[in-house]
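K.L.:
This is target-v5.txt, which holds compact mmCIF, C-alpha atoms:
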# COMPACT_ATOMS: atom_id res chain seq x y z
CA MET A 1 10.68 -22.45 5.93
CA ALA A 2 12.37 -23.61 9.10
CA ALA A 3 14.05 -27.02 9.19
CA LEU A 4 12.22 -30.13 10.38
CA THR A 5 13.59 -31.76 13.49
CA ARG A 6 13.11 -35.20 15.06
CA VAL A 7 11.61 -36.53 11.83
CA SER A 8 11.01 -40.22 11.24
CA PRO A 9 11.83 -41.29 7.71
CA TYR A 10 8.56 -43.17 7.63
CA GLN A 11 6.41 -41.51 4.96
CA CYS A 12 7.97 -38.10 5.61
CA HIS A 13 8.04 -37.41 1.90
CA LYS A 14 4.24 -37.45 1.95
CA LEU A 15 3.97 -34.78 4.60
CA SER A 16 2.30 -31.63 3.36
CA LEU A 17 1.57 -28.74 5.65
CA VAL A 18 -0.31 -26.32 3.49
CA ASN A 19 -1.93 -23.13 4.74
CA GLN A 20 -0.63 -23.70 8.24
CA ARG A 21 1.19 -21.09 10.23
CA LEU A 22 2.04 -22.46 13.65
CA PRO A 23 4.92 -21.74 16.00
CA GLU A 24 5.29 -25.46 16.70
CA LEU A 25 3.42 -28.47 15.44
CA PHE A 26 3.69 -32.09 16.55
CA VAL A 27 2.55 -34.81 14.18
CA SER A 28 2.52 -38.55 14.88
CA PHE A 29 2.96 -41.33 12.37
CA PRO A 30 2.18 -45.00 13.15
CA LYS A 31 5.02 -47.45 12.69
CA LYS A 32 4.47 -51.05 11.74
CA ASN A 33 4.90 -52.02 15.36
CA LYS A 34 1.99 -49.71 16.25
CA LYS A 35 4.24 -47.36 18.24
CA PHE A 36 4.30 -43.68 17.44
CA CYS A 37 7.05 -41.24 16.63
CA LYS A 38 6.85 -37.45 16.82
CA PHE A 39 8.47 -34.63 15.01
CA SER A 40 8.36 -30.90 15.56
CA VAL A 41 7.97 -28.26 12.91
CA LEU A 42 9.44 -25.12 14.41
CA ALA A 43 8.80 -21.58 13.32
CA MET A 44 6.46 -22.27 10.46
CA ALA A 45 6.71 -18.60 9.53
CA ASP A 46 5.51 -16.94 6.37
CA LEU A 47 3.73 -20.01 4.97
CA ASN A 48 0.46 -18.15 4.65
CA THR A 49 1.57 -14.53 4.59
CA SER A 50 1.74 -12.03 1.78
CA THR A 51 4.87 -9.90 1.47
CA VAL A 52 3.89 -6.28 0.86
CA LEU A 53 6.19 -3.37 0.10
CA VAL A 54 5.05 0.15 1.02
CA THR A 55 6.91 2.88 -0.84
CA GLY A 56 6.83 6.32 0.72
CA ALA A 57 6.78 4.49 4.05
CA GLY A 58 8.30 7.49 5.79
CA GLY A 59 5.40 9.75 4.85
CA ARG A 60 2.37 10.53 6.95
CA THR A 61 0.08 8.06 5.21
CA GLY A 62 2.72 5.54 4.16
CA SER A 63 3.97 5.15 7.72
CA ILE A 64 0.44 4.25 8.85
CA VAL A 65 0.15 1.55 6.16
CA TYR A 66 3.55 0.13 7.12
CA LYS A 67 2.62 0.08 10.81
CA LYS A 68 -0.74 -1.58 10.15
CA LEU A 69 0.94 -4.31 8.10
CA LYS A 70 3.46 -4.92 10.89
CA GLU A 71 0.61 -5.25 13.37
CA ARG A 72 -1.00 -7.92 11.16
CA SER A 73 2.03 -10.18 10.92
CA GLU A 74 -0.19 -13.27 10.86
CA ASN A 75 -1.28 -12.19 7.37
CA TYR A 76 1.47 -9.93 6.07
CA THR A 77 5.22 -9.62 5.93
CA ALA A 78 5.80 -5.88 5.72
CA ARG A 79 8.55 -4.04 3.90
CA GLY A 80 9.06 -0.32 3.59
CA LEU A 81 10.96 1.88 1.16
CA VAL A 82 12.19 5.33 2.18
CA ARG A 83 14.58 7.88 0.71
CA THR A 84 16.93 8.47 3.62
CA GLU A 85 18.40 6.87 6.71
CA GLU A 86 16.64 9.56 8.74
CA SER A 87 13.26 8.43 7.39
CA LYS A 88 14.15 4.81 8.10
CA GLN A 89 14.92 5.57 11.72
CA LYS A 90 11.73 7.60 12.04
CA ILE A 91 9.64 4.48 11.41
CA GLY A 92 11.69 2.19 13.60
CA GLY A 93 14.83 1.43 11.59
CA ALA A 94 13.99 -2.26 11.09
CA ASP A 95 15.85 -4.41 8.59
CA ASP A 96 12.69 -4.65 6.50
CA VAL A 97 12.93 -0.94 5.65
CA TYR A 98 14.97 -0.31 2.51
CA ILE A 99 16.55 2.93 1.36
CA GLY A 100 16.14 3.69 -2.33
CA ASP A 101 15.48 6.33 -4.94
CA ILE A 102 12.34 5.79 -7.01
CA ARG A 103 13.91 7.83 -9.81
CA ASN A 104 16.52 5.08 -10.15
CA THR A 105 14.98 1.71 -11.03
CA GLU A 106 18.09 -0.24 -10.04
CA SER A 107 17.85 1.03 -6.47
CA LEU A 108 14.33 -0.43 -6.16
CA ILE A 109 15.23 -4.01 -7.03
CA PRO A 110 16.36 -5.22 -3.55
CA ALA A 111 13.12 -4.00 -1.95
CA ILE A 112 10.84 -5.31 -4.69
CA GLN A 113 12.36 -8.75 -5.24
CA GLY A 114 10.17 -11.45 -3.69
CA ILE A 115 7.16 -9.32 -2.81
CA ASP A 116 3.56 -10.24 -3.57
CA ALA A 117 2.05 -6.74 -3.56
CA LEU A 118 3.17 -3.13 -3.81
CA VAL A 119 1.49 -0.14 -2.18
CA ILE A 120 2.66 3.13 -3.76
CA LEU A 121 2.45 6.17 -1.50
CA THR A 122 5.24 8.29 -2.95
CA SER A 123 4.49 11.87 -3.92
CA ALA A 124 6.27 15.10 -4.67
CA VAL A 125 5.91 17.58 -1.81
CA PRO A 126 5.80 21.33 -2.46
CA LYS A 127 7.68 23.59 -0.08
CA MET A 128 6.75 27.13 0.88
CA LYS A 129 9.15 29.81 -0.25
CA PRO A 130 10.75 31.61 2.70
CA GLY A 131 9.75 35.13 3.60
CA PHE A 132 5.97 34.75 3.56
CA ASP A 133 4.28 36.84 6.23
CA PRO A 134 0.58 35.96 6.72
CA THR A 135 0.01 39.24 8.58
CA LYS A 136 0.66 41.15 5.38
CA GLY A 137 -1.96 39.31 3.39
CA GLY A 138 -1.42 37.75 0.03
CA ARG A 139 -0.76 34.10 -0.73
CA PRO A 140 2.34 32.03 -0.06
CA GLU A 141 4.42 30.83 -2.97
CA PHE A 142 5.61 27.26 -3.34
CA TYR A 143 8.41 25.42 -5.08
CA PHE A 144 9.71 21.89 -5.55
CA GLU A 145 13.27 20.96 -4.74
CA ASP A 146 15.59 20.21 -7.63
CA GLY A 147 15.10 16.66 -8.83
CA ALA A 148 11.92 16.23 -6.82
CA ASN A 149 9.22 17.86 -8.91
CA PRO A 150 5.97 16.05 -9.79
CA GLU A 151 7.16 14.95 -13.23
CA GLN A 152 10.20 13.25 -11.69
CA VAL A 153 8.44 11.80 -8.63
CA ASP A 154 4.77 11.29 -9.50
CA TRP A 155 5.34 10.27 -13.10
CA ILE A 156 8.86 8.89 -13.64
CA GLY A 157 9.22 7.61 -10.07
CA GLN A 158 5.89 5.82 -10.11
CA LYS A 159 6.48 4.47 -13.61
CA ASN A 160 9.79 3.03 -12.40
CA GLN A 161 8.05 1.32 -9.51
CA ILE A 162 5.40 -0.18 -11.79
CA ASP A 163 8.03 -1.40 -14.25
CA ALA A 164 10.16 -2.95 -11.49
CA ALA A 165 7.11 -4.61 -9.94
CA LYS A 166 6.04 -6.06 -13.28
CA ALA A 167 9.53 -7.43 -13.93
CA ALA A 168 9.52 -9.04 -10.47
CA GLY A 169 6.14 -10.72 -10.99
CA VAL A 170 4.26 -8.68 -8.38
CA LYS A 171 0.64 -9.81 -8.18
CA GLN A 172 -1.10 -6.53 -7.25
CA ILE A 173 -0.34 -2.82 -7.01
CA VAL A 174 -2.30 -0.37 -4.87
CA LEU A 175 -1.64 3.24 -5.89
CA VAL A 176 -2.80 6.19 -3.80
CA GLY A 177 -3.45 9.36 -5.75
CA SER A 178 -5.63 12.42 -5.28
CA MET A 179 -9.04 13.62 -6.29
CA GLY A 180 -9.08 16.57 -8.65
CA GLY A 181 -7.29 14.96 -11.57
CA THR A 182 -10.15 15.50 -14.02
CA ASN A 183 -9.64 19.27 -13.80
CA PRO A 184 -6.39 20.49 -15.40
CA ASN A 185 -7.01 23.90 -13.80
CA HIS A 186 -7.24 22.51 -10.28
CA PRO A 187 -5.43 24.81 -7.80
CA LEU A 188 -3.05 22.01 -6.78
CA ASN A 189 -1.60 22.04 -10.28
CA SER A 190 -0.49 25.64 -9.82
CA LEU A 191 1.64 24.90 -6.74
CA GLY A 192 5.20 25.48 -7.85
CA ASN A 193 3.93 25.22 -11.43
CA GLY A 194 4.24 21.47 -10.88
CA ASN A 195 1.00 20.23 -12.47
CA ILE A 196 1.07 17.53 -9.84
CA LEU A 197 -2.39 16.09 -10.52
CA ILE A 198 -1.66 15.84 -14.23
CA TRP A 199 1.48 13.79 -13.61
CA LYS A 200 -0.30 11.65 -11.01
CA ARG A 201 -3.06 10.92 -13.50
CA LYS A 202 -0.52 9.91 -16.14
CA ALA A 203 1.02 7.39 -13.72
CA GLU A 204 -2.42 6.04 -12.88
CA GLN A 205 -3.16 5.48 -16.54
CA TYR A 206 0.19 3.74 -16.98
CA LEU A 207 -0.67 1.37 -14.13
CA ALA A 208 -4.14 0.68 -15.54
CA ASP A 209 -2.55 -0.22 -18.88
CA SER A 210 0.20 -2.38 -17.34
CA GLY A 211 -1.76 -5.62 -17.09
CA ILE A 212 -0.97 -5.95 -13.38
CA PRO A 213 -4.03 -6.25 -11.12
CA TYR A 214 -4.38 -2.80 -9.59
CA THR A 215 -6.38 -0.67 -7.20
CA ILE A 216 -6.20 3.11 -7.65
CA ILE A 217 -7.40 5.11 -4.65
CA ARG A 218 -7.90 8.82 -5.30
CA ALA A 219 -8.16 10.25 -1.84
CA GLY A 220 -9.91 13.45 -0.88
CA GLY A 221 -8.39 16.06 1.41
CA LEU A 222 -6.24 14.12 3.87
CA GLN A 223 -6.80 14.66 7.58
CA ASP A 224 -4.67 13.57 10.53
CA LYS A 225 -7.55 12.06 12.45
CA GLU A 226 -8.46 8.74 13.99
CA GLY A 227 -9.59 6.08 11.53
CA GLY A 228 -12.31 3.48 11.64
CA ILE A 229 -15.03 5.74 13.02
CA ARG A 230 -16.56 7.17 9.83
CA GLU A 231 -18.66 5.93 6.96
CA LEU A 232 -16.49 5.83 3.86
CA LEU A 233 -17.75 7.02 0.48
CA VAL A 234 -16.55 5.99 -2.94
CA GLY A 235 -17.14 7.90 -6.14
CA LYS A 236 -15.76 8.58 -9.60
CA ASP A 237 -14.65 11.47 -11.80
CA ASP A 238 -14.33 13.89 -8.88
CA GLU A 239 -18.07 13.91 -8.24
CA LEU A 240 -17.43 13.95 -4.48
CA LEU A 241 -15.64 17.29 -4.84
CA GLU A 242 -19.03 18.82 -5.63
CA THR A 243 -20.40 17.70 -2.25
CA ASP A 244 -19.72 18.52 1.39
CA THR A 245 -18.00 15.16 1.89
CA LYS A 246 -14.61 15.53 0.24
CA THR A 247 -12.14 14.78 3.02
CA VAL A 248 -10.88 11.53 4.53
CA ALA A 249 -8.63 10.51 7.42
CA ARG A 250 -5.17 9.24 6.50
CA ALA A 251 -5.79 6.25 8.76
CA ASP A 252 -8.87 5.34 6.73
CA VAL A 253 -6.94 5.61 3.47
CA ALA A 254 -4.30 3.32 4.96
CA GLU A 255 -6.95 0.78 5.98
CA VAL A 256 -8.50 0.80 2.50
CA CYS A 257 -5.04 0.13 1.02
CA ILE A 258 -4.68 -3.01 3.12
CA GLN A 259 -8.26 -4.15 2.64
CA ALA A 260 -7.79 -3.83 -1.13
CA LEU A 261 -5.17 -6.59 -0.91
CA GLN A 262 -7.76 -9.02 0.45
CA TYR A 263 -10.67 -8.85 -2.00
CA GLU A 264 -11.01 -9.65 -5.67
CA GLU A 265 -13.70 -6.94 -5.76
CA ALA A 266 -10.94 -4.33 -5.35
CA LYS A 267 -8.88 -5.42 -8.35
CA PHE A 268 -8.90 -3.51 -11.63
CA LYS A 269 -10.76 -0.67 -9.92
CA ALA A 270 -10.14 3.08 -9.62
CA PHE A 271 -12.20 5.26 -7.32
CA ASP A 272 -12.40 8.45 -5.32
CA LEU A 273 -12.44 8.09 -1.54
CA ALA A 274 -13.92 10.37 1.11
CA SER A 275 -15.98 9.98 4.28
CA LYS A 276 -19.00 11.33 6.04
CA PRO A 277 -18.32 13.51 9.10
CA GLU A 278 -17.73 11.69 12.35
CA GLY A 279 -21.00 10.93 14.10
CA THR A 280 -23.03 10.67 10.92
CA GLY A 281 -23.66 7.48 9.03
CA THR A 282 -22.36 4.04 10.02
CA PRO A 283 -18.60 3.41 10.29
CA THR A 284 -17.48 1.24 7.39
CA LYS A 285 -16.53 -2.30 8.35
CA ASP A 286 -17.61 -4.32 5.30
CA PHE A 287 -14.93 -3.51 2.76
CA LYS A 288 -15.93 -6.24 0.34
CA THR A 289 -19.30 -4.53 -0.13
CA LEU A 290 -17.57 -1.15 -0.40
CA PHE A 291 -15.36 -2.37 -3.25
CA ALA A 292 -18.27 -4.16 -4.92
CA GLN A 293 -20.01 -0.79 -5.36
CA ILE A 294 -17.23 0.36 -7.67
CA ALA A 295 -17.60 -0.23 -11.40
CA THR A 296 -14.98 2.16 -12.79
CA ARG A 297 -11.71 0.71 -14.08
CA PHE A 298 -10.16 4.17 -14.42
What would the structure in this file look like if it were written as structure tokens?

P.N.:
Amino acid sequence: MAALTRVSPYQCHKLSLVNQRLPELFVSFPKKNKKFCKFSVLAMADLNTSTVLVTGAGGRTGSIVYKKLKERSENYTARGLVRTEESKQKIGGADDVYIGDIRNTESLIPAIQGIDALVILTSAVPKMKPGFDPTKGGRPEFYFEDGANPEQVDWIGQKNQIDAAKAAGVKQIVLVGSMGGTNPNHPLNSLGNGNILIWKRKAEQYLADSGIPYTIIRAGGLQDKEGGIRELLVGKDDELLETDTKTVARADVAEVCIQALQYEEAKFKAFDLASKPEGTGTPTKDFKTLFAQIATRF
């Protein structure tokens, strides 16, 4: 909190400015001689904001969440965690972006200390093996870089984040995963022999058992499209994968992450997320009702 200036000693110890967030506030106190004195409270910043760390903030979805939080500075103090200086610069290079390795718990502590909520958007990323020629038919082959396979990133890395958040007294964790985790033979598990959905599911279960209020969002196929213009759908146990509505815009996933921080109805919930095609249905605006539909804890 910023310092108080021009303060009369008269009853100043009784002053309480709770749930105020004003750039400058003048308050008058009557003296015994009926005259008034004024003081100014400058830069009443962060009195009513929640500090939120986004890990994987350099990724395509994580960067959207980080940007949205920055745009809502009246409600949130944003932090980001990325792996490299290059990723930090890609999202603006601000001092609130930390560089760390989720495989090393100690490197997470500076970013996590003092936060209220954690949004986990880290994920192993398969890479295509060189030499694939689509004109010759066949399927491309994929691999994971050394030290960055799903077990190390989606299981150990996410477990480390959950443990560090719990030790720091974080009040809520939002974890973004993927639909398909109920099927061990899902094609995504074969990419680079990484079993990525299996490791993601293990981390989700660890979070659900942690005792920390959580929201687990299992997104459908992610699309780089505009958000806020589709009706969102929630489901469970991969039921949406059996329908024609199994994709969702990254921007909509990002918005659901932030909305989950605002409503009790989102806590201790796990759900699949997709959307109707643009132009059908009614764009989702009432997120409290959306979360209230969900009954599944895992």

K.L.:
With all atoms listed in the file as the basis for distance, which of A:Leu191, A:Ala219, A:Ala274, A:Ala203 is at the shortest distance from Met128 of chain A?

P.N.:
A:Leu191

K.L.:
So the first atom is atom CA of Ser50 of chain A and the second is atom CA of Tyr263 of chain A; what is the distance between them in Å, to one decimal place?

P.N.:
13.4 Å

K.L.:
To one decimal in Å, tell me the separation between atom CA of Arg83 of chain A and atom CA of Glu255 of chain A.

P.N.:
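Going from atom CA of Arg83 of chain A over to atom CA of Glu255 of chain A, I get 23.3 Å.
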
K.L.:
Return as JSON lines the residues of segment 181-277 of chain A lying at most 9 Å from segment 98-121 of chain A, together with the closest atom-to-atom pair for each and the distance in Å to one decimal, counting only C-alpha atoms, with rows in chain order and ascending residue number.

P.N.:
{"residue": "A:Cys257", "atom": "CA", "partner": "A:Val119", "partner_atom": "CA", "distance": 7.3}
{"residue": "A:Ile258", "atom": "CA", "partner": "A:Val119", "partner_atom": "CA", "distance": 8.6}
{"residue": "A:Leu261", "atom": "CA", "partner": "A:Ala117", "partner_atom": "CA", "distance": 7.7}

K.L.:
Rounded to one decimal place, report the atom CA of Met179 of chain A-atom CA of Arg250 of chain A distance in Å.

P.N.:
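Rounded to one decimal, the two atoms are 14.1 Å apart.
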
K.L.:
Between A:Gly281, A:Pro126, A:Gly80, A:Gly181, which residue has the minimum interatomic distance to Leu241 of chain A, considering all atoms listed in the file?

P.N.:
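The shortest atom-to-atom distance to Leu241 of chain A comes from A:Gly181.
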
K.L.:
Taking (-7.7, 4.7, 6.8) in the file's coordinates as the center, which residues reach within 10 Å of it, counting all atoms listed in the file, put as a PyMOL selection string?

P.N.:
chain A and resi 61+64-65+68+222+225-230+232+248-259

K.L.:
Ranking A:Gly157, A:Gly58, A:Gly221, A:Gly235 by minimum distance to Val97 of chain A and counting only C-alpha atoms, which one comes first?

P.N.:
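For Val97 of chain A, the nearest of the candidates is A:Gly58.
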
K.L.:
Can you pull out every residue within 10 Å of Ala270 of chain A, counting all atoms listed in the file, but drop anything in the same chain fewer than 6 positions away, and send it as a PDB file with C-alpha atoms, keeping the file's coordinate frame?

P.N.:
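That gives us out-v5.pdb:
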ATOM      1  CA  VAL A 174      -2.300  -0.370  -4.870  1.00  0.00           C
ATOM      2  CA  LEU A 175      -1.640   3.240  -5.890  1.00  0.00           C
ATOM      3  CA  VAL A 176      -2.800   6.190  -3.800  1.00  0.00           C
ATOM      4  CA  GLY A 177      -3.450   9.360  -5.750  1.00  0.00           C
ATOM      5  CA  GLU A 204      -2.420   6.040 -12.880  1.00  0.00           C
ATOM      6  CA  ALA A 208      -4.140   0.680 -15.540  1.00  0.00           C
ATOM      7  CA  TYR A 214      -4.380  -2.800  -9.590  1.00  0.00           C
ATOM      8  CA  THR A 215      -6.380  -0.670  -7.200  1.00  0.00           C
ATOM      9  CA  ILE A 216      -6.200   3.110  -7.650  1.00  0.00           C
ATOM     10  CA  ILE A 217      -7.400   5.110  -4.650  1.00  0.00           C
ATOM     11  CA  ARG A 218      -7.900   8.820  -5.300  1.00  0.00           C
ATOM     12  CA  VAL A 234     -16.550   5.990  -2.940  1.00  0.00           C
ATOM     13  CA  GLY A 235     -17.140   7.900  -6.140  1.00  0.00           C
ATOM     14  CA  LYS A 236     -15.760   8.580  -9.600  1.00  0.00           C
ATOM     15  CA  ASP A 237     -14.650  11.470 -11.800  1.00  0.00           C
ATOM     16  CA  PHE A 291     -15.360  -2.370  -3.250  1.00  0.00           C
ATOM     17  CA  ILE A 294     -17.230   0.360  -7.670  1.00  0.00           C
ATOM     18  CA  ALA A 295     -17.600  -0.230 -11.400  1.00  0.00           C
ATOM     19  CA  THR A 296     -14.980   2.160 -12.790  1.00  0.00           C
ATOM     20  CA  ARG A 297     -11.710   0.710 -14.080  1.00  0.00           C
ATOM     21  CA  PHE A 298     -10.160   4.170 -14.420  1.00  0.00           C
TER      22      PHE A 298
END
